[in-house]
file query.csv (CSV, C-alpha atoms)
chain,number,residue,atom,x,y,z
A,1,MET,CA,141.6,-55.9,127.7
A,2,ARG,CA,141.3,-52.6,129.5
A,3,PRO,CA,142.7,-52.6,133.1
A,4,TRP,CA,139.3,-52.1,134.8
A,5,ARG,CA,137.7,-54.8,132.7
A,6,ALA,CA,140.6,-57.2,133.7
A,7,VAL,CA,139.8,-56.4,137.4
A,8,VAL,CA,136.1,-57.1,137.0
A,9,ALA,CA,136.8,-60.3,135.1
A,10,ARG,CA,139.3,-61.5,137.8
A,11,GLN,CA,136.8,-60.7,140.6
A,12,GLY,CA,134.1,-62.6,138.7
A,13,ARG,CA,136.4,-65.7,138.4
A,14,GLN,CA,137.3,-65.5,142.0
A,15,GLN,CA,133.6,-65.2,143.1
A,16,ALA,CA,132.9,-68.3,141.0
A,17,GLU,CA,135.8,-70.2,142.6
A,18,VAL,CA,134.6,-69.2,146.1
A,19,CYS,CA,131.0,-70.3,145.3
A,20,ALA,CA,132.3,-73.6,144.1
A,21,VAL,CA,133.4,-74.4,147.7
A,22,LYS,CA,130.9,-73.8,150.5
A,23,VAL,CA,131.6,-70.9,152.8
A,24,ILE,CA,131.2,-71.1,156.6
A,25,VAL,CA,131.3,-67.9,158.7
A,26,GLN,CA,132.2,-68.5,162.3
A,27,LYS,CA,132.1,-65.9,165.1
A,28,PHE,CA,133.9,-66.2,168.4
A,29,GLY,CA,133.0,-64.0,171.4
A,30,GLY,CA,135.4,-62.4,173.8
A,31,SER,CA,135.1,-65.1,176.5
A,32,SER,CA,136.3,-67.7,174.0
A,33,LEU,CA,139.4,-65.6,173.3
A,34,SER,CA,140.2,-64.4,176.8
A,35,ASP,CA,143.8,-65.7,176.9
A,36,LEU,CA,146.3,-67.3,174.6
A,37,SER,CA,145.5,-70.8,175.5
A,38,ARG,CA,141.8,-70.2,174.5
A,39,ILE,CA,143.0,-68.6,171.3
A,40,ARG,CA,145.0,-71.7,170.5
A,41,LYS,CA,141.9,-73.9,171.1
A,42,VAL,CA,139.8,-71.8,168.8
A,43,ALA,CA,142.5,-71.8,166.2
A,44,GLU,CA,142.4,-75.6,166.2
A,45,ALA,CA,138.6,-75.6,165.8
A,46,ILE,CA,138.9,-73.2,162.8
A,47,VAL,CA,141.6,-75.4,161.2
A,48,ALA,CA,139.4,-78.5,161.7
A,49,THR,CA,136.6,-76.7,159.8
A,50,ARG,CA,139.0,-75.8,157.0
A,51,GLU,CA,140.2,-79.4,156.8
A,52,ARG,CA,136.6,-80.6,156.3
A,53,GLY,CA,136.7,-78.8,153.0
A,54,TYR,CA,135.1,-75.4,153.7
A,55,GLN,CA,136.2,-71.9,152.9
A,56,VAL,CA,136.3,-70.3,156.4
A,57,VAL,CA,135.7,-66.7,157.4
A,58,VAL,CA,136.1,-66.0,161.1
A,59,VAL,CA,134.9,-62.9,163.0
A,60,VAL,CA,136.4,-62.2,166.4
A,61,SER,CA,135.5,-60.0,169.3
A,62,ALA,CA,137.9,-58.3,171.6
A,63,MET,CA,139.7,-60.5,174.2
A,64,GLY,CA,137.8,-61.0,177.5
A,65,ASP,CA,137.0,-57.6,179.1
A,66,THR,CA,139.2,-55.5,176.8
A,67,THR,CA,136.3,-53.3,175.5
A,68,ASP,CA,135.2,-52.6,179.1
A,69,GLU,CA,138.7,-51.8,180.2
A,70,LEU,CA,139.3,-49.4,177.3
A,71,LEU,CA,135.9,-47.7,178.0
A,72,GLY,CA,136.9,-47.4,181.7
A,73,MET,CA,140.1,-45.6,180.8
A,74,ALA,CA,138.2,-43.2,178.6
A,75,ASN,CA,135.7,-42.4,181.3
A,76,GLU,CA,138.5,-41.7,183.8
A,77,LEU,CA,139.8,-39.0,181.4
A,78,ALA,CA,136.3,-37.5,180.7
A,79,PRO,CA,132.8,-38.0,182.1
A,80,SER,CA,131.3,-38.0,178.6
A,81,PRO,CA,134.0,-38.9,176.0
A,82,SER,CA,133.5,-38.0,172.3
A,83,ARG,CA,131.7,-40.9,170.6
A,84,ARG,CA,133.9,-40.6,167.6
A,85,GLU,CA,137.1,-41.0,169.7
A,86,LEU,CA,135.5,-43.9,171.6
A,87,ASP,CA,135.0,-45.7,168.3
A,88,MET,CA,138.7,-45.1,167.4
A,89,LEU,CA,139.6,-46.5,170.8
A,90,LEU,CA,137.3,-49.4,171.2
A,91,SER,CA,137.9,-50.8,167.7
A,92,VAL,CA,141.5,-51.6,168.8
A,93,GLY,CA,140.3,-54.6,170.9
A,94,GLU,CA,139.1,-56.6,167.9
A,95,ARG,CA,142.2,-55.8,165.9
A,96,ILE,CA,144.3,-57.3,168.6
A,97,SER,CA,142.2,-60.5,168.5
A,98,MET,CA,142.3,-60.8,164.7
A,99,ALA,CA,146.0,-60.5,164.5
A,100,LEU,CA,146.7,-63.0,167.3
A,101,MET,CA,144.2,-65.5,165.8
A,102,SER,CA,145.8,-65.2,162.3
A,103,ILE,CA,149.2,-65.9,163.9
A,104,ALA,CA,147.9,-68.9,165.8
A,105,ILE,CA,146.4,-70.4,162.6
A,106,GLN,CA,149.6,-69.8,160.6
A,107,ALA,CA,151.5,-71.6,163.3
A,108,ARG,CA,149.3,-74.6,162.5
A,109,GLY,CA,150.4,-74.7,158.9
A,110,HIS,CA,147.5,-72.9,157.3
A,111,GLU,CA,147.5,-69.6,155.4
A,112,ALA,CA,145.5,-66.9,157.2
A,113,VAL,CA,145.1,-63.1,156.8
A,114,SER,CA,143.5,-60.6,159.2
A,115,LEU,CA,141.3,-57.8,158.0
A,116,THR,CA,139.7,-54.8,159.7
A,117,GLY,CA,136.0,-54.0,159.2
A,118,SER,CA,136.9,-51.3,156.6
A,119,GLN,CA,139.3,-53.7,154.7
A,120,CYS,CA,136.6,-56.3,154.3
A,121,GLY,CA,134.1,-53.7,152.9
A,122,ILE,CA,131.7,-53.0,155.8
A,123,ILE,CA,130.1,-49.6,155.1
A,124,THR,CA,128.0,-48.1,157.9
A,125,THR,CA,126.0,-45.1,158.9
A,126,ALA,CA,127.9,-42.2,160.6
A,127,SER,CA,126.2,-42.8,164.0
A,128,HIS,CA,129.2,-43.3,166.3
A,129,SER,CA,129.1,-46.0,169.0
A,130,ASN,CA,126.0,-47.6,167.5
A,131,ALA,CA,126.3,-47.5,163.7
A,132,ARG,CA,124.2,-49.7,161.4
A,133,ILE,CA,125.6,-51.5,158.4
A,134,ILE,CA,124.2,-50.1,155.1
A,135,ASP,CA,126.4,-52.1,152.6
A,136,VAL,CA,128.9,-54.9,152.5
A,137,ARG,CA,131.5,-55.0,149.6
A,138,PRO,CA,133.4,-58.2,150.3
A,139,PHE,CA,135.8,-58.1,147.3
A,140,ARG,CA,138.9,-58.3,149.5
A,141,VAL,CA,137.5,-61.3,151.4
A,142,GLN,CA,136.6,-63.1,148.2
A,143,ASP,CA,140.1,-62.4,146.9
A,144,GLU,CA,141.7,-63.9,150.0
A,145,LEU,CA,139.4,-66.9,150.0
A,146,ALA,CA,140.2,-67.6,146.3
A,147,GLN,CA,143.9,-67.6,147.3
A,148,GLY,CA,143.2,-70.4,149.8
A,149,ARG,CA,143.5,-68.4,152.9
A,150,ILE,CA,141.4,-68.4,156.1
A,151,VAL,CA,140.1,-64.9,156.6
A,152,ILE,CA,140.0,-63.4,160.1
A,153,VAL,CA,137.9,-60.3,160.5
A,154,ALA,CA,137.7,-57.8,163.3
A,155,GLY,CA,134.1,-57.7,164.4
A,156,PHE,CA,132.1,-54.8,165.8
A,157,GLN,CA,133.5,-52.2,163.4
A,158,GLY,CA,133.2,-50.7,159.9
A,159,THR,CA,133.8,-47.5,158.2
A,160,SER,CA,131.2,-44.7,157.5
A,161,TYR,CA,130.6,-43.0,154.2
A,162,ARG,CA,132.7,-40.2,155.7
A,163,ARG,CA,135.7,-42.7,156.0
A,164,ASP,CA,135.5,-42.6,159.8
A,165,VAL,CA,136.0,-45.8,161.9
A,166,THR,CA,132.6,-46.7,163.4
A,167,THR,CA,131.5,-49.4,165.9
A,168,LEU,CA,128.2,-51.3,165.8
A,169,GLY,CA,127.2,-51.4,169.5
A,170,ARG,CA,127.3,-54.2,172.0
A,171,GLY,CA,126.9,-57.5,170.2
A,172,GLY,CA,128.1,-55.9,167.0
A,173,SER,CA,130.5,-58.8,166.1
A,174,ASP,CA,127.4,-60.9,165.6
A,175,THR,CA,126.2,-58.4,163.0
A,176,THR,CA,129.5,-58.4,161.3
A,177,ALA,CA,129.5,-62.1,161.0
A,178,VAL,CA,125.9,-62.4,159.6
A,179,ALA,CA,126.3,-59.5,157.2
A,180,LEU,CA,129.4,-61.1,155.8
A,181,ALA,CA,127.6,-64.5,155.6
A,182,ALA,CA,124.9,-62.9,153.6
A,183,ALA,CA,127.3,-61.1,151.3
A,184,LEU,CA,129.3,-64.2,150.7
A,185,ASN,CA,126.2,-66.4,150.2
A,186,ALA,CA,127.5,-68.6,153.0
A,187,GLU,CA,126.0,-72.0,153.9
A,188,ALA,CA,125.6,-71.0,157.5
A,189,CYS,CA,126.7,-68.6,160.2
A,190,GLU,CA,127.9,-70.1,163.5
A,191,ILE,CA,128.0,-67.9,166.6
A,192,TYR,CA,130.2,-69.3,169.3
A,193,SER,CA,130.3,-68.1,172.9
A,194,ASP,CA,130.6,-69.5,176.5
A,195,VAL,CA,126.9,-70.6,176.6
A,196,ASP,CA,125.3,-73.6,175.0
A,197,GLY,CA,122.7,-71.7,173.0
A,198,VAL,CA,119.6,-69.6,173.5
A,199,PHE,CA,117.6,-70.3,176.7
A,200,SER,CA,113.9,-69.7,177.5
A,201,ALA,CA,115.1,-67.1,180.1
A,202,ASP,CA,118.3,-66.1,181.8
A,203,PRO,CA,119.2,-69.2,183.8
A,204,ARG,CA,120.8,-67.1,186.4
A,205,VAL,CA,117.4,-65.5,187.1
A,206,VAL,CA,115.0,-68.3,186.2
A,207,LEU,CA,116.2,-71.7,187.5
A,208,SER,CA,113.7,-73.6,185.3
A,209,ALA,CA,115.0,-72.0,182.1
A,210,ALA,CA,115.6,-74.5,179.3
A,211,GLN,CA,117.8,-74.5,176.2
A,212,LEU,CA,115.8,-73.9,173.0
A,213,ALA,CA,116.6,-76.2,170.1
A,214,SER,CA,115.2,-73.8,167.5
A,215,LEU,CA,113.6,-70.4,167.0
A,216,SER,CA,112.1,-68.4,164.2
A,217,TYR,CA,113.8,-65.2,163.1
A,218,GLU,CA,111.0,-63.1,164.5
A,219,GLU,CA,111.2,-64.7,167.9
A,220,MET,CA,114.9,-64.3,168.1
A,221,GLN,CA,114.8,-60.7,167.1
A,222,GLU,CA,112.2,-59.9,169.7
A,223,MET,CA,114.2,-61.7,172.4
A,224,ALA,CA,117.3,-59.7,171.4
A,225,ARG,CA,115.4,-56.4,171.5
A,226,ALA,CA,113.9,-57.3,174.8
A,227,GLY,CA,117.2,-58.0,176.5
A,228,ALA,CA,118.5,-61.5,175.6
A,229,ARG,CA,122.2,-61.1,174.9
A,230,VAL,CA,123.1,-64.3,173.1
A,231,LEU,CA,122.5,-62.9,169.6
A,232,ASN,CA,122.3,-59.4,168.3
A,233,GLU,CA,119.0,-58.0,166.8
A,234,GLN,CA,120.6,-56.5,163.7
A,235,ALA,CA,122.5,-59.8,163.1
A,236,VAL,CA,119.2,-61.8,163.1
A,237,GLU,CA,117.7,-59.3,160.7
A,238,PHE,CA,120.5,-59.9,158.2
A,239,ALA,CA,120.1,-63.6,158.6
A,240,ARG,CA,116.3,-63.3,158.0
A,241,ARG,CA,116.7,-61.3,154.8
A,242,ALA,CA,119.3,-63.6,153.4
A,243,GLN,CA,117.5,-66.8,154.7
A,244,ILE,CA,120.8,-68.0,156.3
A,245,ALA,CA,120.6,-70.5,159.1
A,246,LEU,CA,122.1,-69.0,162.3
A,247,TYR,CA,123.5,-71.3,164.9
A,248,ALA,CA,124.3,-70.3,168.5
A,249,ARG,CA,126.7,-72.8,170.0
A,250,SER,CA,129.2,-73.3,172.8
A,251,THR,CA,132.9,-72.9,171.9
A,252,GLU,CA,133.7,-75.9,174.1
A,253,LYS,CA,131.4,-78.3,172.3
A,254,ARG,CA,132.9,-77.7,168.9
A,255,GLY,CA,129.8,-77.4,166.8
A,256,GLU,CA,127.5,-79.8,168.6
A,257,GLY,CA,124.0,-78.9,169.9
A,258,GLY,CA,123.1,-75.3,170.4
A,259,THR,CA,120.2,-73.3,169.0
A,260,VAL,CA,119.3,-72.8,165.4
A,261,VAL,CA,117.4,-69.8,164.1
A,262,ARG,CA,115.7,-70.3,160.8
A,263,VAL,CA,112.5,-69.9,158.9
A,264,ASP,CA,111.5,-73.5,158.7
A,265,LEU,CA,110.6,-74.6,162.2
A,266,PRO,CA,110.6,-78.3,163.1
A,267,GLN,CA,107.4,-80.3,163.6
A,268,ASP,CA,107.5,-80.1,167.5
A,269,GLU,CA,107.7,-76.3,167.3
A,270,LEU,CA,104.8,-76.2,164.8
A,271,LYS,CA,102.7,-78.5,167.0
A,272,ARG,CA,103.3,-76.1,169.9
A,273,LEU,CA,101.8,-73.3,167.9
A,274,GLU,CA,98.9,-75.5,166.7
A,275,ASP,CA,98.2,-76.4,170.4
A,276,GLY,CA,97.8,-72.7,171.2
A,277,ARG,CA,101.0,-72.3,173.2
A,278,PRO,CA,102.7,-69.4,171.5
A,279,ALA,CA,105.2,-68.4,174.2
A,280,VAL,CA,108.8,-69.7,174.0
A,281,ALA,CA,110.8,-67.4,176.2
A,282,VAL,CA,110.9,-64.5,178.7
A,283,SER,CA,113.6,-61.8,178.3
A,284,HIS,CA,114.3,-58.8,180.6
A,285,ILE,CA,116.2,-55.5,180.7
A,286,ARG,CA,117.3,-54.6,184.2
A,287,SER,CA,117.5,-50.9,183.7
A,288,GLY,CA,116.4,-48.4,181.0
A,289,LEU,CA,115.0,-44.9,180.7
A,290,TRP,CA,111.2,-44.7,181.0
A,291,LEU,CA,110.1,-41.4,179.3
A,292,ARG,CA,106.8,-39.6,179.2
A,293,ALA,CA,106.0,-36.4,177.4
A,294,GLN,CA,103.0,-34.5,176.0
A,295,ALA,CA,103.7,-31.1,174.5
A,296,SER,CA,107.4,-32.0,174.0
A,297,ALA,CA,106.6,-35.5,172.6
A,298,ASP,CA,108.0,-34.7,169.1
A,299,ARG,CA,111.3,-33.4,170.4
A,300,VAL,CA,111.8,-36.3,172.7
A,301,ALA,CA,111.0,-38.8,169.9
A,302,GLU,CA,113.6,-37.1,167.7
A,303,ALA,CA,116.2,-37.2,170.5
A,304,ILE,CA,115.8,-40.9,171.2
A,305,GLU,CA,115.6,-41.8,167.5
A,306,ARG,CA,119.1,-40.3,167.0
A,307,LEU,CA,120.5,-42.6,169.8
A,308,ALA,CA,119.9,-45.6,167.5
A,309,VAL,CA,119.2,-47.8,170.6
A,310,VAL,CA,116.4,-50.2,171.3
A,311,THR,CA,113.1,-48.4,172.1
A,312,TYR,CA,109.6,-49.5,172.7
A,313,ASP,CA,107.2,-46.6,172.3
A,314,TRP,CA,103.6,-45.9,173.0
A,315,GLN,CA,102.3,-42.9,171.1
A,316,ALA,CA,98.8,-41.5,171.0
A,317,GLY,CA,98.4,-38.1,169.4
A,318,ARG,CA,100.9,-35.7,170.9
A,319,ARG,CA,101.6,-38.0,173.9
A,320,LEU,CA,104.7,-40.2,174.0
A,321,GLU,CA,105.7,-42.9,176.4
A,322,ALA,CA,108.9,-44.8,175.6
A,323,PHE,CA,111.4,-47.3,177.1
A,324,VAL,CA,115.0,-46.9,176.0
A,325,ALA,CA,117.6,-49.6,176.7
A,326,LEU,CA,120.9,-48.3,177.9
A,327,ASP,CA,123.4,-51.0,176.8
A,328,ASP,CA,125.1,-48.8,174.2
A,329,VAL,CA,124.4,-45.4,175.6
A,330,HIS,CA,127.5,-43.6,176.9
A,331,GLY,CA,127.0,-40.8,179.4
A,332,VAL,CA,123.5,-41.8,180.7
A,333,ASP,CA,123.4,-39.1,183.3
A,334,ALA,CA,124.1,-36.4,180.7
A,335,LEU,CA,121.4,-37.9,178.5
A,336,GLU,CA,118.8,-37.7,181.2
A,337,ARG,CA,119.6,-34.0,181.8
A,338,ARG,CA,119.3,-33.3,178.0
A,339,LEU,CA,116.0,-35.0,177.8
A,340,ARG,CA,114.5,-33.1,180.8
A,341,ASP,CA,115.7,-29.9,179.2
A,342,LEU,CA,113.6,-30.5,176.2
A,343,GLY,CA,110.4,-29.4,178.1
A,344,ALA,CA,108.9,-29.0,181.5
A,345,ASP,CA,106.5,-31.8,180.8
A,346,VAL,CA,109.2,-34.4,180.1
A,347,GLU,CA,109.4,-37.1,182.8
A,348,VAL,CA,112.4,-39.4,182.9
A,349,GLY,CA,113.1,-42.3,185.3
A,350,ARG,CA,115.1,-45.5,185.5
A,351,GLN,CA,112.9,-48.6,185.2
A,352,GLY,CA,113.1,-52.2,184.0
A,353,LEU,CA,111.3,-54.2,181.3
A,354,VAL,CA,110.1,-57.9,181.1
A,355,SER,CA,108.8,-59.5,177.9
A,356,VAL,CA,107.2,-62.7,176.9
A,357,VAL,CA,108.2,-63.8,173.3
A,358,GLY,CA,106.6,-66.2,170.9
A,359,LEU,CA,104.9,-66.2,167.5
A,360,GLY,CA,101.3,-64.9,168.0
A,361,VAL,CA,101.6,-64.1,171.7
A,362,GLY,CA,100.8,-60.5,171.1
A,363,GLY,CA,97.9,-61.2,168.8
A,364,GLN,CA,95.2,-62.0,171.3
A,365,ALA,CA,94.1,-60.0,174.3
A,366,ARG,CA,93.8,-63.2,176.5
A,367,TRP,CA,97.6,-63.5,176.6
A,368,SER,CA,98.1,-59.9,177.9
A,369,ARG,CA,95.4,-60.5,180.5
A,370,MET,CA,97.2,-63.7,181.5
A,371,GLY,CA,100.5,-62.0,181.9
A,372,GLN,CA,99.0,-59.1,183.8
A,373,ALA,CA,97.4,-61.5,186.2
A,374,ALA,CA,100.6,-63.5,186.8
A,375,LEU,CA,102.5,-60.3,187.6
A,376,LYS,CA,99.8,-59.1,190.0
A,377,GLU,CA,99.7,-62.4,191.8
A,378,ALA,CA,103.5,-62.2,192.2
A,379,GLY,CA,103.0,-58.7,193.8
A,380,VAL,CA,104.7,-56.9,190.9
A,381,VAL,CA,103.5,-53.4,190.0
A,382,THR,CA,103.3,-52.6,186.3
A,383,LEU,CA,103.7,-49.1,184.9
A,384,ALA,CA,102.8,-49.8,181.2
A,385,MET,CA,102.3,-52.6,178.7
A,386,ASN,CA,103.3,-52.8,175.0
A,387,ALA,CA,102.7,-55.5,172.4
A,388,SER,CA,103.8,-56.7,169.0
A,389,LEU,CA,102.6,-59.8,167.2
A,390,ALA,CA,105.5,-61.9,168.7
A,391,ARG,CA,106.0,-60.0,172.0
A,392,LEU,CA,104.3,-58.7,175.2
A,393,SER,CA,106.3,-56.3,177.3
A,394,TRP,CA,105.7,-54.7,180.7
A,395,VAL,CA,107.6,-51.7,182.2
A,396,LEU,CA,108.3,-52.5,185.9
A,397,PRO,CA,110.3,-50.9,188.8
A,398,GLN,CA,113.9,-52.0,188.5
A,399,GLU,CA,113.9,-54.0,191.8
A,400,ALA,CA,110.9,-56.1,190.5
A,401,VAL,CA,112.4,-57.2,187.2
A,402,GLU,CA,113.7,-60.6,188.3
A,403,GLU,CA,110.5,-61.5,190.2
A,404,GLY,CA,108.5,-60.4,187.1
A,405,ALA,CA,110.7,-62.6,184.8
A,406,ARG,CA,110.1,-65.6,187.1
A,407,ALA,CA,106.4,-65.1,187.3
A,408,LEU,CA,105.9,-64.7,183.5
A,409,HIS,CA,108.1,-67.7,182.8
A,410,GLN,CA,106.1,-69.9,185.2
A,411,ALA,CA,102.8,-68.7,183.7
A,412,PHE,CA,103.8,-68.9,180.0
A,413,VAL,CA,106.7,-71.3,179.5
A,414,ASP,CA,106.7,-73.8,182.5
A,415,ALA,CA,103.0,-74.4,182.2

call {"tool": "encode", "arguments": {"input": "query.csv", "output": "structure tokens"}}
result
Amino acid sequence: MRPWRAVVARQGRQQAEVCAVKVIVQKFGGSSLSDLSRIRKVAEAIVATRERGYQVVVVVSAMGDTTDELLGMANELAPSPSRRELDMLLSVGERISMALMSIAIQARGHEAVSLTGSQCGIITTASHSNARIIDVRPFRVQDELAQGRIVIVAGFQGTSYRRDVTTLGRGGSDTTAVALAAALNAEACEIYSDVDGVFSADPRVVLSAAQLASLSYEEMQEMARAGARVLNEQAVEFARRAQIALYARSTEKRGEGGTVVRVDLPQDELKRLEDGRPAVAVSHIRSGLWLRAQASADRVAEAIERLAVVTYDWQAGRRLEAFVALDDVHGVDALERRLRDLGADVEVGRQGLVSVVGLGVGGQARWSRMGQAALKEAGVVTLAMNASLARLSWVLPQEAVEEGARALHQAFVDA
């Protein structure tokens, strides 16, 4: 047998062996890994999953505030660091976590191996600091699973077609986990963090916010785009395409409760829709760039498209109005100056965004009128409104975001 045919045959056998045992992908956030004692607890949970008979792939974030600390050092050296060099720097945090977790698992008598994003076959675009995954080639992961090892993967990172290290933006470890789950045909993907699941609003802002037992993929994607930070938008998109159940759970509760995101909603959720109550949650973004342009609309649209960040845009002819989230934008002040330099007609300001999310909420005018009335009654001034089938969004002054979120939650979710 020729060498390349032997390799293909071996990979085929290994894939069959992996498929014979169900694969679970688990992702642990930075707060769950903030010190060695927490790493030990997570290692015990991973080993328990393995001992239940599953093949286990674990995706880890950087420990605690490591990413913010590294970014802070870079910003002390330069006001607007190179995005390529930032990727090289920030990817280190996850590599520390993966090696420590592998060591902790080995100390508990199980074989484990740590792999970087490039080693486990994550291929991305060349957009530094906010790359998107374009392919996953998990041959090395399958090889390690077939050898009986627990695989620990550095989240948040991959390699571009130019062989550069890239990062996937804030929340990118979620994307790593779900992309691998899809490529490995995993039974499920579990996202563990320091919160119990997805809530109907940020409980620090809306005291009546309640945990949601289940959501559709569309609802979770809209919540993520609109500011909810429990799950990453691109991660939910991967789960939707692969029809993989996505669980958001607390690390402390070891797999109990939480929120499941899937296509088949339970009967109580379906009854809610049948009863004409489409809204499930309110999300908010405290600060973003609110842009307006006429003659320079095309140039502004091109500039914000290259950022690869969340945008909601309103376009009519040559007029553009857009809201750009700033979570993954480095050097915001410099960005504002560049946008203004595109034309004398370009207006740029810092504003906030509040959104109501739920299947069908954007499909009828009465819901937008209801939201507008609730904001007006709360004394909140709105600058613009945008809608999709599962979302209604209002641009507000930054100082009015929390009051706007509470007013919309009371009108749509508490009622």

call {"tool": "closest_residue", "arguments": {"input": "query.csv", "among": "A:Ser129, A:Ser283, A:Ser97, A:Ser37", "to": "Ala224 of chain A", "atoms": "all atoms listed in the file"}}
result
A:Ser283

call {"tool": "closest_residue", "arguments": {"input": "query.csv", "among": "A:Asp135, A:Glu111, A:Glu237, A:Asp68", "to": "Arg170 of chain A", "atoms": "all atoms listed in the file"}}
result
A:Asp68

call {"tool": "residues_around", "arguments": {"input": "query.csv", "residues": "Ala74 of chain A", "least_positions_apart": "4", "cutoff": "10 Å", "atoms": "all atoms listed in the file", "output": "short mmCIF file (atom, residue, chain, number, x, y, z; two decimals) with C-alpha atoms, keeping the file's coordinate frame"}}
result
data_model
loop_
_atom_site.label_atom_id
_atom_site.label_comp_id
_atom_site.auth_asym_id
_atom_site.auth_seq_id
_atom_site.Cartn_x
_atom_site.Cartn_y
_atom_site.Cartn_z
CA ASP A 68 135.20 -52.60 179.10
CA GLU A 69 138.70 -51.80 180.20
CA LEU A 70 139.30 -49.40 177.30
CA ALA A 78 136.30 -37.50 180.70
CA PRO A 79 132.80 -38.00 182.10
CA SER A 80 131.30 -38.00 178.60
CA PRO A 81 134.00 -38.90 176.00
CA SER A 82 133.50 -38.00 172.30
CA GLU A 85 137.10 -41.00 169.70
CA LEU A 86 135.50 -43.90 171.60
CA LEU A 89 139.60 -46.50 170.80
CA LEU A 90 137.30 -49.40 171.20
#

call {"tool": "closest_residue", "arguments": {"input": "query.csv", "among": "A:Leu326, A:Ala99, A:Val57, A:Ala213", "to": "Arg140 of chain A", "atoms": "only C-alpha atoms"}}
result
A:Val57

call {"tool": "atom_distance", "arguments": {"input": "query.csv", "atom1": "atom CA of Arg229 of chain A", "atom2": "atom CA of Ala400 of chain A"}}
result
19.9 Å

call {"tool": "closest_residue", "arguments": {"input": "query.csv", "among": "A:Trp394, A:Thr251, A:Arg337, A:Gly360", "to": "Gln372 of chain A", "atoms": "only C-alpha atoms"}}
result
A:Trp394

call {"tool": "residues_around", "arguments": {"input": "query.csv", "residues": "Asp202 of chain A", "least_positions_apart": "3", "cutoff": "10 Å", "atoms": "only C-alpha atoms", "output": "ChimeraX atom specification"}}
result
/A:198-199,205-210,227-229,281-284,402,405-406

call {"tool": "closest_residue", "arguments": {"input": "query.csv", "among": "A:Ala107, A:Ala242, A:Leu180, A:Ala112", "to": "Pro138 of chain A", "atoms": "all atoms listed in the file"}}
result
A:Leu180

call {"tool": "atom_distance", "arguments": {"input": "query.csv", "atom1": "atom CA of Ile191 of chain A", "atom2": "atom CA of Tyr247 of chain A"}}
result
5.9 Å

call {"tool": "residues_around", "arguments": {"input": "query.csv", "residues": "Pro278 of chain A", "least_positions_apart": "5", "cutoff": "6 Å", "atoms": "only C-alpha atoms", "output": "list of chain:residue names"}}
result
A:Leu273, A:Gly358, A:Leu359, A:Gly360, A:Val361
